[in-house]
Amino acid sequence: MAIFTSAKAVLNPDDSPMSVREALIEINTALDEYLSQDEGDLDADSRFALTFFESYGYEERPYGDAEGLAIARNLSVDGVAVAGILSSVAGKVQLYQRAQLPDDWDPTTDRRLCVWEATQHLIKRLEASGEGDAAELLLQLKNVSGHGDLAANCRALAYRLYNHCEKKKQAEEARAYNGLVIAWPELERLASASSTNSSAPRQTTLI
């Protein structure tokens with residue numbers, strides 16, 4: 001941005017003048033590509049949520065704070081709210097905490113599924129109902145198409161959030177993300193076993 005503001009004009013590849021919004025999008029795209037080396041291939045909604053959380057946590061903020069982050073990622077605040085991870089009411093925005101997420105969430109019917117949302121639901125299931133229920137959700141996530149390796153990205157995001165919360169001395173949140181990371185091998189084992197059992201042929205005739 002220092003270069004952008006000091007230059008008389010910055011041009012797009014087609015020689016048209018680059019706007020401040022376009023410059024912010026380019027900058028954040030490059031930043032996201034760098035950060036994604038360690039956090040997996042996150043979707044735009046999840047990258048927004050990650051940046052918002054690392055900046056403000058679950059604190060209620062003015063709409064403008066969220067709007068700036070959304071515009072930089074070529075998103076709208078209303079769109080992120082549709083994803084089910086953010087409340088936007090009366091000029092105030094706030095990330096939903098896990099307790100506010102619906103208990104009956106189904107990733108197979110979610111029209112704007114994102115890694116952030118899936119990760120929070122995995123933790124909620126794990127803490128509320130144990131490894132078996134969380135493993136069933138993990139299996140659902142593995143079977144959702146069109147979202148890359150959704151399960152692996154959830155694990156990567158949980159690890160990233162754990163490290164952030166540890167540095168910020170947010171012990172309760174750190175425990176939640178660390179709990180998912182630690183439980184992951186068992187969740188994978190249970191999900192695999194459930195998948196094998198459901199796909200095994202059933203005997204329908206008597207011998």
# chains A, B, ... in the order shown; residues from 1 in each chain; ligands from 1
call {"tool": "select_by_dssp", "arguments": {"residues": "region 79-194 of chain A", "states": "alpha helix (DSSP H)", "output": "JSON, numbers by chain"}}
result
{"A": [79, 80, 81, 82, 115, 116, 117, 118, 119, 120, 121, 122, 123, 124, 125, 126, 127, 128, 129, 131, 132, 133, 134, 135, 136, 137, 138, 139, 140, 141, 142, 143, 150, 151, 152, 153, 154, 155, 156, 157, 158, 159, 160, 161, 162, 163, 164, 165, 166, 167, 171, 172, 173, 174, 175, 176, 177, 178, 179, 180, 181, 182, 183, 184, 185, 186, 187, 188, 189, 190, 191, 192, 193, 194]}
call {"tool": "residues_around", "arguments": {"residues": "region 176-191 of chain A", "least_positions_apart": "2", "cutoff": "8 Å", "atoms": "only C-alpha atoms", "output": "short mmCIF file (atom, residue, chain, number, x, y, z; two decimals) with C-alpha atoms, in the first residue's frame"}}
result
data_model
loop_
_atom_site.label_atom_id
_atom_site.label_comp_id
_atom_site.auth_asym_id
_atom_site.auth_seq_id
_atom_site.Cartn_x
_atom_site.Cartn_y
_atom_site.Cartn_z
CA LEU A 122 -16.68 -30.52 14.98
CA ILE A 123 -15.50 -29.02 18.25
CA LEU A 126 -16.79 -33.39 20.33
CA GLU A 131 -15.79 -38.74 19.79
CA GLY A 132 -18.45 -40.98 18.25
CA ALA A 134 -17.88 -35.96 16.13
CA ALA A 135 -16.61 -38.83 13.99
CA GLU A 136 -20.01 -39.13 12.31
CA LEU A 138 -16.27 -35.90 10.17
CA LEU A 139 -17.46 -38.70 7.89
CA ARG A 155 -7.63 -29.90 11.09
CA ALA A 158 -7.80 -25.90 14.31
CA TYR A 159 -4.02 -26.12 14.63
CA LEU A 161 -6.24 -21.30 15.87
CA TYR A 162 -4.69 -23.27 18.73
CA GLU A 172 -10.29 -21.88 27.02
CA GLU A 173 -10.28 -21.42 23.26
CA ALA A 174 -6.81 -22.95 23.00
CA ALA A 193 -14.82 -47.86 10.62
CA SER A 194 -18.29 -46.36 10.22
CA SER A 195 -17.73 -45.93 6.48
#
call {"tool": "closest_residue", "arguments": {"among": "A:Lys168, A:Leu113, A:Gly146, A:Phe52", "to": "Val82 (chain A)", "atoms": "only C-alpha atoms"}}
result
A:Leu113
call {"tool": "residues_around", "arguments": {"residues": "Val93 (chain A)", "least_positions_apart": "6", "cutoff": "6 Å", "atoms": "only C-alpha atoms", "output": "NGL selection string"}}
result
:A and (60-61 or 63 or 87)
call {"tool": "atom_distance", "arguments": {"atom1": "CA of Ala70 (chain A)", "atom2": "CA of Val20 (chain A)"}}
result
13.9 Å
call {"tool": "closest_residue", "arguments": {"among": "A:Cys114, A:Asp65, A:Ala23, A:Ala99", "to": "Glu127 (chain A)", "atoms": "only C-alpha atoms"}}
result
A:Ala99
call {"tool": "atom_distance", "arguments": {"atom1": "CA of Glu67 (chain A)", "atom2": "CA of Gln94 (chain A)"}}
result
12.0 Å
call {"tool": "closest_residue", "arguments": {"among": "A:Glu26, A:Asp106, A:Asp15, A:Asp41", "to": "Asn74 (chain A)", "atoms": "only C-alpha atoms"}}
result
A:Glu26
call {"tool": "select_by_dssp", "arguments": {"residues": "chain A", "states": "strand (DSSP E or B)", "output": "PDB file with N, CA and C atoms, in the first residue's frame"}}
result
ATOM      1  N   LEU A  11      -1.349   0.424 -12.558  1.00  0.00           N
ATOM      2  CA  LEU A  11      -2.183  -0.109 -13.625  1.00  0.00           C
ATOM      3  C   LEU A  11      -2.439  -1.601 -13.469  1.00  0.00           C
ATOM      4  N   PRO A  17      -6.532   1.896 -14.789  1.00  0.00           N
ATOM      5  CA  PRO A  17      -6.077   2.308 -13.448  1.00  0.00           C
ATOM      6  C   PRO A  17      -6.591   1.350 -12.373  1.00  0.00           C
ATOM      7  N   ARG A  61     -18.112  -5.786  17.109  1.00  0.00           N
ATOM      8  CA  ARG A  61     -17.377  -4.690  16.483  1.00  0.00           C
ATOM      9  C   ARG A  61     -18.288  -3.867  15.581  1.00  0.00           C
ATOM     10  N   PRO A  62     -17.880  -2.630  15.279  1.00  0.00           N
ATOM     11  CA  PRO A  62     -18.652  -1.829  14.325  1.00  0.00           C
ATOM     12  C   PRO A  62     -18.656  -2.486  12.946  1.00  0.00           C
ATOM     13  N   LEU A  86     -21.415 -15.443  11.219  1.00  0.00           N
ATOM     14  CA  LEU A  86     -21.327 -14.063  11.664  1.00  0.00           C
ATOM     15  C   LEU A  86     -22.714 -13.466  11.862  1.00  0.00           C
ATOM     16  N   SER A  87     -22.871 -12.703  12.943  1.00  0.00           N
ATOM     17  CA  SER A  87     -24.097 -11.945  13.182  1.00  0.00           C
ATOM     18  C   SER A  87     -23.858 -10.506  12.749  1.00  0.00           C
ATOM     19  N   SER A  88     -24.789  -9.960  11.987  1.00  0.00           N
ATOM     20  CA  SER A  88     -24.702  -8.567  11.543  1.00  0.00           C
ATOM     21  C   SER A  88     -26.048  -7.903  11.791  1.00  0.00           C
ATOM     22  N   VAL A  89     -26.132  -7.142  12.879  1.00  0.00           N
ATOM     23  CA  VAL A  89     -27.401  -6.529  13.297  1.00  0.00           C
ATOM     24  C   VAL A  89     -27.150  -5.106  13.781  1.00  0.00           C
ATOM     25  N   LYS A  92     -23.682  -3.584  13.997  1.00  0.00           N
ATOM     26  CA  LYS A  92     -22.692  -4.298  14.797  1.00  0.00           C
ATOM     27  C   LYS A  92     -22.504  -5.702  14.232  1.00  0.00           C
ATOM     28  N   VAL A  93     -21.288  -6.185  14.277  1.00  0.00           N
ATOM     29  CA  VAL A  93     -20.994  -7.535  13.788  1.00  0.00           C
ATOM     30  C   VAL A  93     -20.234  -8.317  14.853  1.00  0.00           C
ATOM     31  N   GLN A  94     -20.426  -9.628  14.810  1.00  0.00           N
ATOM     32  CA  GLN A  94     -19.790 -10.495  15.808  1.00  0.00           C
ATOM     33  C   GLN A  94     -19.755 -11.920  15.280  1.00  0.00           C
ATOM     34  N   LEU A  95     -18.612 -12.561  15.417  1.00  0.00           N
ATOM     35  CA  LEU A  95     -18.547 -13.972  15.060  1.00  0.00           C
ATOM     36  C   LEU A  95     -19.398 -14.777  16.032  1.00  0.00           C
TER      37      LEU A  95
END
call {"tool": "atom_distance", "arguments": {"atom1": "CA of Val10 (chain A)", "atom2": "CA of Val77 (chain A)"}}
result
27.4 Å
call {"tool": "closest_residue", "arguments": {"among": "A:Arg98, A:Glu54, A:Thr109, A:Glu117", "to": "Ala81 (chain A)", "atoms": "only C-alpha atoms"}}
result
A:Glu117
call {"tool": "residues_around", "arguments": {"residues": "region 100-105 of chain A", "least_positions_apart": "6", "cutoff": "12 Å", "atoms": "only C-alpha atoms", "output": "list in words"}}
result
Tyr58, Ala83, Gly84, Ile85, Leu86, Ser87, Gln94, Arg111, Leu113, Glu117, Ala118, Thr119, Gln120, His121, Leu122, Ile123, Lys124, Arg125, Ala128, Ser129, Asp133, Leu137, Gln140 and Leu141 of chain A
call {"tool": "closest_residue", "arguments": {"among": "A:Ala72, A:Asn197, A:Cys165, A:His147", "to": "Ser19 (chain A)", "atoms": "only C-alpha atoms"}}
result
A:Ala72
